[in-house]
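First comes the structure, then the notes that go with it.
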Amino acid sequence: MRRNAVLFVAVSLLSGLGGSAMALVSGIWILDLTGSTGLAALAGLCVYAPTLAGPWLGGLLDRVPRRPLVIGVDLALAAALLSLLAVRGPGEAWLIYAVSLAYGIGYVLVDAGETALLPAALPPARLADVNGWRSSAQEGMKLVAPLAGG
């Protein structure tokens with residue numbers, strides 16, 4: 001069971017770093033492509049706006065098997081991130097917005113799915129400690145990610 005706890009915290013650490021860096025990088029990339037700070041801010045909005053739909057997305061998560069959904073969302077996000085290789089100029093900036101929005105939706109689904117799967121992977125005695133470490137890792141990466149993203 002210790003292995004599961006370490007894996008959950010490690011995944012939260014890497015996911016937090018990647019998610020926060022992605023939110024910053026998309027804005028910087030749009031700014032570099034277009035020169036518009038307003039359009040760059042819109043990229044950040046695309047990442048964080050789906051959290052407003054969290055209750056509805058959580059309801060979706062409760063109606064389907066969680067593990068396959070989390071795996072499927074992660075694979076879809078990997079494909080979406082690969083599509084960013086097609087961005088060559090300001091004309092393809094819409095693709096960054098689309099991927100940012102998909103990333104925001106995926107972040108909400110995966111975070112809720114991981115939280116729901118955690119009790120099944122750990123004994124009740126370790127659950128509080130791992131939740132604390134997991135939350136600390138996610139929030140700590142929000143401090144480190146600006147350096148990595150920039």
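In the structure tokens, chains take the letters A, B, ... in the order shown, each chain's residues start at 1, and ligands count up from 1 in the order shown.
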
Contacts of Leu122 (chain A) at 7 Å or less, counting only C-alpha atoms, minus same-chain residues fewer than 3 places along, as a PyMOL selection string? chain A and resi 1+4-5+118-119+126-127

Tell me which protein, DNA and RNA residues are within 6 Å of region 87-99 of chain A, counting only C-alpha atoms, leaving out same-chain ones fewer than 6 positions away, and put them as number ranges by chain. A: 33-34, 43, 80

Shell of 8 Å around Tyr107 (chain A), only C-alpha atoms, local chain residues under 4 positions omitted, as a ChimeraX atom specification: /A:19,103,111

Trp56 (chain A) surroundings by only C-alpha atoms, 12 Å radius, close-in-sequence under 6 positions cut, as a VMD selection string: chain A and resid 50 62 to 63 105 108 to 109 112

For the residues selected in the previous step, produce a file with N, CA and C atoms as a PDB file, in the first residue's frame.
ATOM      1  N   PRO A  50     -13.320  26.127 -17.132  1.00  0.00           N
ATOM      2  CA  PRO A  50     -14.048  24.871 -16.888  1.00  0.00           C
ATOM      3  C   PRO A  50     -14.224  24.514 -15.414  1.00  0.00           C
ATOM      4  N   ASP A  62     -19.545  10.774 -11.936  1.00  0.00           N
ATOM      5  CA  ASP A  62     -20.246   9.834 -11.054  1.00  0.00           C
ATOM      6  C   ASP A  62     -21.089   8.819 -11.822  1.00  0.00           C
ATOM      7  N   ARG A  63     -21.376   9.073 -13.084  1.00  0.00           N
ATOM      8  CA  ARG A  63     -22.245   8.195 -13.866  1.00  0.00           C
ATOM      9  C   ARG A  63     -21.497   7.171 -14.721  1.00  0.00           C
ATOM     10  N   ILE A 105     -10.931  21.302 -19.022  1.00  0.00           N
ATOM     11  CA  ILE A 105     -11.979  20.308 -18.767  1.00  0.00           C
ATOM     12  C   ILE A 105     -11.355  19.010 -18.256  1.00  0.00           C
ATOM     13  N   VAL A 108     -10.259  19.211 -14.578  1.00  0.00           N
ATOM     14  CA  VAL A 108     -11.364  19.068 -13.629  1.00  0.00           C
ATOM     15  C   VAL A 108     -11.759  17.592 -13.502  1.00  0.00           C
ATOM     16  N   LEU A 109     -11.886  16.902 -14.622  1.00  0.00           N
ATOM     17  CA  LEU A 109     -12.290  15.495 -14.605  1.00  0.00           C
ATOM     18  C   LEU A 109     -11.249  14.603 -13.929  1.00  0.00           C
ATOM     19  N   ALA A 112     -11.055  15.264 -10.070  1.00  0.00           N
ATOM     20  CA  ALA A 112     -12.191  14.640  -9.380  1.00  0.00           C
ATOM     21  C   ALA A 112     -12.079  13.113  -9.416  1.00  0.00           C
TER      22      ALA A 112
END

Have a look at A:Ser36, A:Ser135, A:Thr51, A:Ser12 and name the one nearest to Gly106 (chain A); count only C-alpha atoms.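 Among the listed residues, A:Thr51 lies closest to Gly106 (chain A).
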
With only C-alpha atoms as the basis for distance, which of A:Gly113, A:Gly72, A:Gly54, A:Gly44 is at the shortest distance from Gly27 (chain A)?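 Among the listed residues, the smallest separation from Gly27 (chain A) belongs to A:Gly44.
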